[in-house]
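Colleague: Take a look at my_file_25.cif, mmCIF, C-alpha atoms:
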data_query
#
loop_
_atom_site.group_PDB
_atom_site.id
_atom_site.type_symbol
_atom_site.label_atom_id
_atom_site.label_comp_id
_atom_site.auth_asym_id
_atom_site.auth_seq_id
_atom_site.Cartn_x
_atom_site.Cartn_y
_atom_site.Cartn_z
ATOM 1 C CA MET A 1439 -9.753 -21.054 0.902
ATOM 2 C CA PRO A 1440 -6.467 -19.414 -0.258
ATOM 3 C CA THR A 1441 -4.552 -22.722 -0.172
ATOM 4 C CA LEU A 1442 -7.106 -24.489 -2.365
ATOM 5 C CA SER A 1443 -7.157 -21.545 -4.775
ATOM 6 C CA TYR A 1444 -3.368 -21.640 -4.993
ATOM 7 C CA TYR A 1445 -3.209 -25.338 -5.863
ATOM 8 C CA ARG A 1446 -6.040 -25.078 -8.391
ATOM 9 C CA ARG A 1447 -4.220 -22.270 -10.182
ATOM 10 C CA ILE A 1448 -0.863 -24.062 -10.104
ATOM 11 C CA PHE A 1449 -2.420 -27.317 -11.316
ATOM 12 C CA SER A 1450 -4.106 -25.600 -14.263
ATOM 13 C CA ALA A 1451 -0.914 -23.742 -15.198
ATOM 14 C CA TYR A 1452 1.379 -26.773 -15.001
ATOM 15 C CA PHE A 1453 -0.799 -29.660 -16.113
ATOM 16 C CA LEU A 1454 -3.709 -28.496 -18.261
ATOM 17 C CA GLY A 1455 -1.672 -27.128 -21.139
ATOM 18 C CA GLY A 1456 -2.102 -23.886 -23.029
ATOM 19 C CA LYS A 1457 -0.509 -20.550 -22.256
ATOM 20 C CA SER A 1458 -0.004 -19.363 -18.692
ATOM 21 C CA HIS A 1459 2.241 -17.023 -16.729
ATOM 22 C CA LEU A 1460 4.761 -19.887 -16.639
ATOM 23 C CA THR A 1461 5.069 -19.640 -20.435
ATOM 24 C CA PHE A 1462 6.728 -16.279 -19.922
ATOM 25 C CA TRP A 1463 8.849 -16.855 -16.824
ATOM 26 C CA HIS A 1464 10.400 -20.217 -17.598
ATOM 27 C CA ASP A 1465 12.772 -19.372 -20.406
ATOM 28 C CA THR A 1466 16.374 -20.583 -20.398
ATOM 29 C CA PRO A 1467 18.574 -18.435 -18.112
ATOM 30 C CA GLU A 1468 21.650 -17.283 -20.014
ATOM 31 C CA GLU A 1469 24.329 -14.619 -19.833
ATOM 32 C CA ASN A 1470 24.364 -12.065 -22.631
ATOM 33 C CA PRO A 1471 27.942 -12.013 -23.986
ATOM 34 C CA LYS A 1472 27.173 -8.809 -25.904
ATOM 35 C CA ALA A 1473 26.336 -6.842 -22.741
ATOM 36 C CA THR A 1474 28.910 -4.253 -21.702
ATOM 37 C CA VAL A 1475 29.705 -3.535 -18.059
ATOM 38 C CA ASN A 1476 31.195 -0.023 -18.158
ATOM 39 C CA GLU A 1477 28.594 1.681 -20.344
ATOM 40 C CA LEU A 1478 24.870 1.294 -20.838
ATOM 41 C CA GLY A 1479 24.230 -1.187 -23.633
ATOM 42 C CA GLU A 1480 22.443 -4.496 -24.071
ATOM 43 C CA TYR A 1481 20.947 -5.989 -20.919
ATOM 44 C CA TYR A 1482 22.936 -8.621 -19.045
ATOM 45 C CA MET A 1483 20.653 -11.508 -20.014
ATOM 46 C CA PRO A 1484 19.339 -11.971 -23.585
ATOM 47 C CA PHE A 1485 15.600 -12.411 -22.811
ATOM 48 C CA VAL A 1486 15.060 -13.415 -26.447
ATOM 49 C CA GLU A 1487 12.310 -15.895 -25.584
ATOM 50 C CA LYS A 1488 10.601 -13.185 -23.569
ATOM 51 C CA ALA A 1489 10.873 -10.725 -26.480
ATOM 52 C CA ASN A 1490 9.127 -13.323 -28.646
ATOM 53 C CA TYR A 1491 6.440 -14.064 -26.045
ATOM 54 C CA ALA A 1492 3.648 -16.108 -27.641
ATOM 55 C CA GLY A 1493 0.998 -15.443 -25.016
ATOM 56 C CA SER A 1494 -1.619 -12.719 -24.542
ATOM 57 C CA TYR A 1495 -1.322 -9.040 -25.425
ATOM 58 C CA ASP A 1496 -3.707 -6.146 -24.973
ATOM 59 C CA SER A 1497 -5.025 -4.091 -27.903
ATOM 60 C CA ALA A 1498 -1.973 -1.795 -27.744
ATOM 61 C CA GLY A 1499 0.485 -4.704 -27.917
ATOM 62 C CA VAL A 1500 1.476 -4.762 -24.225
ATOM 63 C CA PRO A 1501 2.009 -8.337 -22.966
ATOM 64 C CA GLN A 1502 -0.317 -9.797 -20.353
ATOM 65 C CA LEU A 1503 0.172 -12.966 -18.336
ATOM 66 C CA ASP A 1504 -2.562 -15.528 -17.804
ATOM 67 C CA TYR A 1505 -2.487 -16.764 -14.209
ATOM 68 C CA HIS A 1506 -5.627 -18.873 -14.649
ATOM 69 C CA GLY A 1507 -8.167 -19.250 -11.849
ATOM 70 C CA LYS A 1508 -9.526 -16.145 -10.176
ATOM 71 C CA ILE A 1509 -6.521 -14.039 -11.150
ATOM 72 C CA GLY A 1510 -6.857 -14.476 -14.907
ATOM 73 C CA ARG A 1511 -5.020 -12.177 -17.342
ATOM 74 C CA GLN A 1512 -3.006 -9.413 -15.745
ATOM 75 C CA TYR A 1513 -0.389 -6.801 -16.459
ATOM 76 C CA ASN A 1514 2.795 -7.682 -14.591
ATOM 77 C CA PRO A 1515 5.329 -4.811 -14.541
ATOM 78 C CA ILE A 1516 8.257 -7.219 -14.190
ATOM 79 C CA ALA A 1517 7.170 -9.166 -17.271
ATOM 80 C CA ILE A 1518 6.616 -5.960 -19.247
ATOM 81 C CA ALA A 1519 10.102 -4.755 -18.286
ATOM 82 C CA GLN A 1520 11.732 -8.063 -19.288
ATOM 83 C CA TYR A 1521 9.796 -8.076 -22.564
ATOM 84 C CA GLY A 1522 11.079 -4.569 -23.211
ATOM 85 C CA LEU A 1523 14.675 -5.462 -22.365
ATOM 86 C CA GLY A 1524 14.588 -8.486 -24.669
ATOM 87 C CA ASN A 1525 13.309 -6.355 -27.524
ATOM 88 C CA TYR A 1526 15.942 -3.712 -26.788
ATOM 89 C CA ASN A 1527 18.677 -6.350 -27.058
ATOM 90 C CA LEU A 1528 17.289 -7.519 -30.408
ATOM 91 C CA TYR A 1529 16.956 -3.942 -31.665
ATOM 92 C CA ARG A 1530 20.607 -3.247 -30.809
ATOM 93 C CA ARG A 1531 21.626 -6.326 -32.804
ATOM 94 C CA THR A 1532 19.374 -5.932 -35.831
ATOM 95 C CA ALA A 1533 18.298 -2.265 -36.015
ATOM 96 C CA ASP A 1534 14.780 -3.627 -36.626
ATOM 97 C CA PRO A 1535 12.329 -0.716 -36.111
ATOM 98 C CA VAL A 1536 9.633 -3.141 -34.911
ATOM 99 C CA ARG A 1537 11.889 -4.215 -32.050
ATOM 100 C CA ARG A 1538 12.516 -0.559 -31.198
ATOM 101 C CA MET A 1539 8.786 0.118 -31.201
ATOM 102 C CA LYS A 1540 8.106 -2.812 -28.856
ATOM 103 C CA PHE A 1541 10.883 -1.698 -26.527
ATOM 104 C CA LEU A 1542 9.592 1.876 -26.339
ATOM 105 C CA LEU A 1543 6.029 0.592 -25.925
ATOM 106 C CA SER A 1544 7.194 -1.127 -22.740
ATOM 107 C CA ALA A 1545 8.992 2.018 -21.585
ATOM 108 C CA ASP A 1546 5.875 4.120 -22.227
ATOM 109 C CA TRP A 1547 3.720 1.666 -20.263
ATOM 110 C CA LEU A 1548 6.164 1.845 -17.367
ATOM 111 C CA CYS A 1549 6.112 5.654 -17.441
ATOM 112 C CA SER A 1550 2.337 5.852 -17.441
ATOM 113 C CA HIS A 1551 1.850 3.194 -14.734
ATOM 114 C CA LEU A 1552 4.296 4.503 -12.145
ATOM 115 C CA GLU A 1553 2.002 5.144 -9.181
ATOM 116 C CA GLN A 1554 2.357 6.726 -5.751
ATOM 117 C CA ASN A 1555 2.004 4.361 -2.822
ATOM 118 C CA ALA A 1556 0.616 5.345 0.585
ATOM 119 C CA GLN A 1557 3.956 6.931 1.520
ATOM 120 C CA ALA A 1558 4.090 8.975 -1.739
ATOM 121 C CA LEU A 1559 6.885 6.888 -3.283
ATOM 122 C CA ALA A 1560 6.668 6.010 -6.976
ATOM 123 C CA VAL A 1561 6.209 2.262 -7.511
ATOM 124 C CA TRP A 1562 4.958 -0.205 -10.091
ATOM 125 C CA ASN A 1563 2.003 -1.955 -8.540
ATOM 126 C CA HIS A 1564 0.662 -5.417 -9.155
ATOM 127 C CA HIS A 1565 -3.120 -5.103 -9.187
ATOM 128 C CA PHE A 1566 -3.954 -8.679 -8.228
ATOM 129 C CA ASP A 1567 -3.660 -10.712 -5.034
ATOM 130 C CA TRP A 1568 -0.763 -13.146 -4.946
ATOM 131 C CA GLU A 1569 -0.292 -16.209 -2.753
ATOM 132 C CA TYR A 1570 3.166 -16.050 -1.267
ATOM 133 C CA ARG A 1571 3.670 -16.999 2.409
ATOM 134 C CA ASP A 1572 0.906 -14.645 3.357
ATOM 135 C CA THR A 1573 -1.314 -13.464 0.507
ATOM 136 C CA LEU A 1574 -0.030 -10.206 -0.947
ATOM 137 C CA LYS A 1575 -3.082 -8.012 -1.298
ATOM 138 C CA ALA A 1576 -3.401 -5.754 -4.326
ATOM 139 C CA PRO A 1577 -1.894 -3.325 -4.924
ATOM 140 C CA TRP A 1578 1.572 -4.592 -4.015
ATOM 141 C CA TYR A 1579 5.000 -3.564 -5.270
ATOM 142 C CA SER A 1580 8.413 -5.147 -5.499
ATOM 143 C CA ALA A 1581 12.102 -4.246 -5.589
ATOM 144 C CA LEU A 1582 12.390 -6.523 -8.611
ATOM 145 C CA ALA A 1583 9.867 -4.455 -10.561
ATOM 146 C CA GLN A 1584 11.583 -1.233 -9.462
ATOM 147 C CA GLY A 1585 14.993 -2.430 -10.614
ATOM 148 C CA GLN A 1586 14.003 -3.857 -13.966
ATOM 149 C CA GLY A 1587 11.702 -0.938 -14.694
ATOM 150 C CA ILE A 1588 14.663 1.393 -14.173
ATOM 151 C CA SER A 1589 16.797 -0.769 -16.482
ATOM 152 C CA VAL A 1590 14.226 -0.236 -19.247
ATOM 153 C CA LEU A 1591 13.764 3.475 -18.657
ATOM 154 C CA VAL A 1592 17.435 4.475 -18.634
ATOM 155 C CA ARG A 1593 17.914 2.633 -21.940
ATOM 156 C CA ALA A 1594 14.817 4.315 -23.390
ATOM 157 C CA HIS A 1595 16.289 7.678 -22.430
ATOM 158 C CA LYS A 1596 19.611 6.795 -24.040
ATOM 159 C CA GLU A 1597 17.840 5.690 -27.221
ATOM 160 C CA SER A 1598 15.333 8.552 -27.521
ATOM 161 C CA ARG A 1599 16.772 11.377 -25.351
ATOM 162 C CA ASP A 1600 13.216 11.856 -24.077
ATOM 163 C CA THR A 1601 13.548 13.199 -20.520
ATOM 164 C CA ARG A 1602 10.271 11.539 -19.471
ATOM 165 C CA TYR A 1603 12.137 8.277 -19.173
ATOM 166 C CA ILE A 1604 15.029 9.434 -17.003
ATOM 167 C CA ASP A 1605 12.651 11.442 -14.822
ATOM 168 C CA ALA A 1606 10.533 8.331 -14.224
ATOM 169 C CA ALA A 1607 13.665 6.266 -13.499
ATOM 170 C CA GLN A 1608 14.769 8.819 -10.898
ATOM 171 C CA ARG A 1609 11.359 8.690 -9.216
ATOM 172 C CA ALA A 1610 11.416 4.886 -9.173
ATOM 173 C CA LEU A 1611 14.919 4.818 -7.683
ATOM 174 C CA ALA A 1612 13.748 6.639 -4.552
ATOM 175 C CA ALA A 1613 12.066 3.462 -3.230
ATOM 176 C CA PHE A 1614 15.507 1.869 -2.844
ATOM 177 C CA PHE A 1615 16.535 4.520 -0.324
ATOM 178 C CA GLN A 1616 13.536 3.950 1.947
ATOM 179 C CA PRO A 1617 12.890 0.992 4.276
ATOM 180 C CA THR A 1618 9.955 -1.298 3.684
ATOM 181 C CA THR A 1619 8.320 0.068 6.834
ATOM 182 C CA GLU A 1620 8.195 3.509 5.177
ATOM 183 C CA GLY A 1621 6.937 2.506 1.749
ATOM 184 C CA GLY A 1622 10.275 1.589 0.198
ATOM 185 C CA VAL A 1623 11.806 -1.731 -0.833
ATOM 186 C CA ALA A 1624 14.954 -1.710 1.351
ATOM 187 C CA PHE A 1625 15.646 -3.624 4.532
ATOM 188 C CA THR A 1626 18.753 -3.328 6.704
ATOM 189 C CA ASP A 1627 19.423 -6.384 8.851
ATOM 190 C CA GLU A 1628 21.047 -6.613 12.286
ATOM 191 C CA SER A 1629 24.482 -6.913 10.677
ATOM 192 C CA GLY A 1630 24.000 -3.696 8.714
ATOM 193 C CA ASP A 1631 23.580 -5.503 5.390
ATOM 194 C CA LEU A 1632 21.186 -3.836 2.952
ATOM 195 C CA TRP A 1633 18.593 -5.961 1.131
ATOM 196 C CA PHE A 1634 16.108 -5.166 -1.625
ATOM 197 C CA GLU A 1635 12.942 -7.180 -1.109
ATOM 198 C CA GLU A 1636 11.106 -8.803 -4.009
ATOM 199 C CA TYR A 1637 8.096 -9.397 -1.766
ATOM 200 C CA ILE A 1638 7.380 -6.956 1.067
ATOM 201 C CA VAL A 1639 6.577 -9.278 3.984
ATOM 202 C CA SER A 1640 7.519 -9.432 7.662
ATOM 203 C CA PRO A 1641 9.880 -10.940 8.510
ATOM 204 C CA PRO A 1642 11.639 -10.357 5.173
ATOM 205 C CA THR A 1643 12.662 -13.375 3.116
ATOM 206 C CA HIS A 1644 15.533 -11.968 0.997
ATOM 207 C CA ILE A 1645 14.689 -13.734 -2.287
ATOM 208 C CA LEU A 1646 18.052 -14.134 -4.000
ATOM 209 C CA ASN A 1647 17.189 -13.744 -7.687
ATOM 210 C CA GLY A 1648 14.971 -10.725 -7.026
ATOM 211 C CA PHE A 1649 17.654 -9.019 -4.953
ATOM 212 C CA ILE A 1650 20.303 -9.475 -7.643
ATOM 213 C CA TRP A 1651 18.054 -8.367 -10.510
ATOM 214 C CA ALA A 1652 16.956 -5.319 -8.505
ATOM 215 C CA SER A 1653 20.590 -4.356 -7.899
ATOM 216 C CA TRP A 1654 21.259 -4.378 -11.654
ATOM 217 C CA GLY A 1655 18.680 -1.617 -12.059
ATOM 218 C CA ILE A 1656 20.633 0.515 -9.595
ATOM 219 C CA TYR A 1657 23.854 -0.249 -11.461
ATOM 220 C CA ASP A 1658 22.209 0.761 -14.743
ATOM 221 C CA TYR A 1659 21.001 4.021 -13.205
ATOM 222 C CA TYR A 1660 24.588 4.747 -12.164
ATOM 223 C CA LEU A 1661 25.859 4.007 -15.682
ATOM 224 C CA ALA A 1662 23.232 6.378 -17.102
ATOM 225 C CA THR A 1663 23.760 9.226 -14.646
ATOM 226 C CA GLU A 1664 27.059 8.650 -12.784
ATOM 227 C CA HIS A 1665 25.153 9.583 -9.637
ATOM 228 C CA PRO A 1666 27.368 8.788 -6.601
ATOM 229 C CA ALA A 1667 24.405 7.762 -4.421
ATOM 230 C CA ALA A 1668 23.484 5.043 -6.929
ATOM 231 C CA ARG A 1669 27.087 3.864 -7.036
ATOM 232 C CA GLU A 1670 27.186 3.562 -3.238
ATOM 233 C CA LEU A 1671 23.807 1.815 -3.156
ATOM 234 C CA PHE A 1672 25.053 -0.806 -5.625
ATOM 235 C CA ALA A 1673 28.287 -1.195 -3.650
ATOM 236 C CA ARG A 1674 26.243 -1.931 -0.519
ATOM 237 C CA ALA A 1675 24.257 -4.560 -2.432
ATOM 238 C CA VAL A 1676 27.516 -6.202 -3.510
ATOM 239 C CA ARG A 1677 28.729 -6.276 0.089
ATOM 240 C CA THR A 1678 25.460 -7.851 1.203
ATOM 241 C CA LEU A 1679 25.857 -10.626 -1.346
ATOM 242 C CA LEU A 1680 29.464 -11.277 -0.419
ATOM 243 C CA HIS A 1681 28.552 -11.452 3.285
ATOM 244 C CA ASN A 1682 25.547 -13.742 2.806
ATOM 245 C CA LEU A 1683 25.943 -16.027 -0.216
ATOM 246 C CA ASP A 1684 27.085 -18.940 1.947
ATOM 247 C CA ARG A 1685 23.672 -18.802 3.669
ATOM 248 C CA TYR A 1686 22.096 -19.771 0.333
ATOM 249 C CA ASP A 1687 24.314 -22.846 -0.075
ATOM 250 C CA LEU A 1688 22.874 -26.150 1.203
ATOM 251 C CA GLY A 1689 25.970 -28.104 0.251
ATOM 252 C CA PHE A 1690 24.129 -29.750 -2.638
ATOM 253 C CA TRP A 1691 21.880 -26.972 -4.054
ATOM 254 C CA SER A 1692 21.029 -23.279 -3.686
ATOM 255 C CA LEU A 1693 18.192 -21.768 -1.672
ATOM 256 C CA TYR A 1694 15.525 -19.596 -3.264
ATOM 257 C CA GLU A 1695 15.246 -17.351 -0.193
ATOM 258 C CA GLN A 1696 15.910 -17.081 3.522
ATOM 259 C CA SER A 1697 12.496 -18.406 4.485
ATOM 260 C CA GLY A 1698 13.059 -18.661 8.229
ATOM 261 C CA THR A 1699 11.134 -21.953 8.210
ATOM 262 C CA ARG A 1700 12.353 -25.239 9.664
ATOM 263 C CA LEU A 1701 12.600 -26.732 6.190
ATOM 264 C CA PRO A 1702 14.332 -24.218 3.879
ATOM 265 C CA MET A 1703 12.898 -23.204 0.522
ATOM 266 C CA VAL A 1704 15.158 -24.860 -2.033
ATOM 267 C CA ALA A 1705 15.436 -23.277 -5.474
ATOM 268 C CA SER A 1706 13.702 -25.025 -8.355
ATOM 269 C CA PRO A 1707 15.995 -26.228 -11.177
ATOM 270 C CA PHE A 1708 15.065 -23.070 -13.119
ATOM 271 C CA TYR A 1709 15.957 -20.725 -10.262
ATOM 272 C CA HIS A 1710 19.122 -22.644 -9.416
ATOM 273 C CA ARG A 1711 20.271 -22.116 -13.002
ATOM 274 C CA LEU A 1712 19.219 -18.463 -12.829
ATOM 275 C CA HIS A 1713 21.301 -17.995 -9.669
ATOM 276 C CA ILE A 1714 24.363 -19.356 -11.474
ATOM 277 C CA VAL A 1715 23.869 -16.972 -14.403
ATOM 278 C CA GLN A 1716 23.266 -14.008 -12.090
ATOM 279 C CA LEU A 1717 26.444 -14.725 -10.137
ATOM 280 C CA ARG A 1718 28.449 -14.904 -13.355
ATOM 281 C CA VAL A 1719 27.046 -11.520 -14.362
ATOM 282 C CA MET A 1720 27.888 -10.139 -10.913
ATOM 283 C CA HIS A 1721 31.453 -11.337 -11.433
ATOM 284 C CA ARG A 1722 31.586 -9.393 -14.692
ATOM 285 C CA LEU A 1723 30.115 -6.256 -13.121
ATOM 286 C CA THR A 1724 32.327 -6.236 -10.041
ATOM 287 C CA GLY A 1725 35.416 -8.360 -10.681
ATOM 288 C CA GLU A 1726 34.794 -10.137 -7.355
ATOM 289 C CA ASP A 1727 36.133 -13.700 -7.713
ATOM 290 C CA THR A 1728 33.789 -14.969 -4.976
ATOM 291 C CA PHE A 1729 30.868 -14.732 -7.392
ATOM 292 C CA ALA A 1730 32.611 -16.874 -10.020
ATOM 293 C CA ARG A 1731 33.750 -19.406 -7.425
ATOM 294 C CA ILE A 1732 30.264 -19.937 -6.010
ATOM 295 C CA ALA A 1733 28.754 -20.046 -9.512
ATOM 296 C CA ASP A 1734 31.201 -22.852 -10.367
ATOM 297 C CA ARG A 1735 30.248 -24.735 -7.189
ATOM 298 C CA TRP A 1736 26.523 -24.426 -7.874
ATOM 299 C CA GLU A 1737 27.078 -25.511 -11.468
ATOM 300 C CA ASN A 1738 28.721 -28.654 -10.163
ATOM 301 C CA TYR A 1739 25.739 -29.289 -7.884
ATOM 302 C CA ALA A 1740 23.436 -29.143 -10.899
ATOM 303 C CA GLY A 1741 25.480 -31.784 -12.690
ATOM 304 C CA SER A 1742 24.577 -34.438 -10.101
ATOM 305 C CA ARG A 1743 21.368 -36.425 -10.608
ATOM 306 C CA ILE A 1744 21.296 -37.216 -6.890
ATOM 307 C CA ASN A 1745 21.472 -33.516 -6.032
ATOM 308 C CA ARG A 1746 18.731 -32.654 -8.529
ATOM 309 C CA THR A 1747 16.423 -35.334 -7.122
ATOM 310 C CA ARG A 1748 17.126 -34.309 -3.545
ATOM 311 C CA ALA A 1749 16.390 -30.654 -4.365
ATOM 312 C CA LEU A 1750 13.079 -31.503 -6.031
ATOM 313 C CA ILE A 1751 11.963 -33.532 -2.996
ATOM 314 C CA TYR A 1752 12.894 -30.690 -0.631
ATOM 315 C CA LYS A 1753 11.024 -28.220 -2.845
ATOM 316 C CA ALA A 1754 7.866 -30.336 -3.007
ATOM 317 C CA VAL A 1755 7.745 -30.920 0.755
ATOM 318 C CA PHE A 1756 8.314 -27.216 1.439
ATOM 319 C CA LYS A 1757 5.408 -26.230 -0.815
ATOM 320 C CA LEU A 1758 3.084 -28.736 0.823
ATOM 321 C CA CYS A 1759 3.997 -27.513 4.297
ATOM 322 C CA ASN A 1760 3.950 -23.785 3.685
ATOM 323 C CA TYR A 1761 1.422 -23.017 0.897
#
Represent the structure of the file as structure tokens.
Modeller:
Amino acid sequence: MPTLSYYRRIFSAYFLGGKSHLTFWHDTPEENPKATVNELGEYYMPFVEKANYAGSYDSAGVPQLDYHGKIGRQYNPIAIAQYGLGNYNLYRRTADPVRRMKFLLSADWLCSHLEQNAQALAVWNHHFDWEYRDTLKAPWYSALAQGQGISVLVRAHKESRDTRYIDAAQRALAAFFQPTTEGGVAFTDESGDLWFEEYIVSPPTHILNGFIWASWGIYDYYLATEHPAARELFARAVRTLLHNLDRYDLGFWSLYEQSGTRLPMVASPFYHRLHIVQLRVMHRLTGEDTFARIADRWENYAGSRINRTRALIYKAVFKLCNY
């Protein structure tokens, strides 16, 4: 049974100790004060803990995540991209050739694992089933992987001048211009707002952190190329956020997604903090005061013990009802 498999895997990851995929994902969300917004430089979050990942690696030194249960150790293109970005940040600060090597190792993996989907678009696939609302059957792809993969590749091109990297980034960008029904990662809602979907499901769920991270990849592609189509695509993402952020505000906490369920999917404390950091970065990238204002409000929510407890109860009940 998928539900039983899900809870066995989660129980082993959370409660049985040792390294798991959670070891990688649950770092401390932070802004990177050294990141620049008008030219391609360090990434917008430090990802230092991810760069120093203490879990599994393959024989070439590429990180793998241990999901436990039937999934086991897997390559996750999002994790590999974040590992690469963290090492790039550290290389820019220290000029350490080992950090450069690890960064380019990630970029090379991303180049060699960019695959065509059924609609001939270039995507980074996850080659394992994943329990979301409905089980995502391998191979599945994600706007989040597309965006962060691009963020790695455009920096690898800037560092090395190797055209393989910018060519791969251009191929990966194409998925953002195609709807999910045609093999892409974009969805336009009834109001004309454009979303980038972390998980390709129907109806779409508009996961907030994945949408924002994906949009940064488009912004980075624009910084690298000054391509007007990328600039307009990012501008549409900004408009979508400005039009819809209030839908993610419960009045005491932020939502993880637009689940469409009777009980909404509240963000975990980690993702609530990540949302705050992402909105502060969006304020830096765009100058839109709305992002800073909502980040301040959500920061205040997090300072209340009552709000934190209420959010955890909502989250637990949602998981029990929907997974």
Colleague: Can you tell me, as a ChimeraX atom specification, what residues are no more than 9 Å from Thr1678 of chain A when counting only C-alpha atoms, ignoring any on the same chain fewer than 5 positions away?
Modeller: /A:1630-1633,1673,1683
Colleague: Leaving out segment 1659-1661 of chain A and any residue of its chain fewer than 5 positions from it, which residues lie within 6 Å of it when counting only C-alpha atoms, given as number ranges by chain?
Modeller: A: 1477-1478, 1668-1669
Colleague: Check the smallest atom-to-atom distance from each of A:Asp1687, A:Asp1627, A:Glu1468, A:Glu1480 to Val1592 of chain A using only C-alpha atoms, then report the winner.
Modeller: A:Glu1480
Colleague: Counting all atoms listed in the file, find residues at most 10 Å from (-1.8, -5.7, -11.2) (file frame) and give them as a PyMOL selection string.
Modeller: chain A and resi 1509+1511-1515+1562-1568+1576-1579
Colleague: Record the distance separating atom CA of Arg1700 of chain A and atom CA of Arg1731 of chain A, expressed in Å with one decimal.
Modeller: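 Pair atom CA of Arg1700 of chain A / atom CA of Arg1731 of chain A returns 28.0 Å.
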Colleague: Run the PyMOL selection byres ((chain A and resi 1650-1656) around 9) on the file and write out the hits as a ChimeraX atom specification.
Modeller: /A:1482,1581-1590,1611,1614,1634-1636,1645-1649,1657-1661,1668-1669,1671-1672,1675-1676,1679,1713,1716-1717,1720
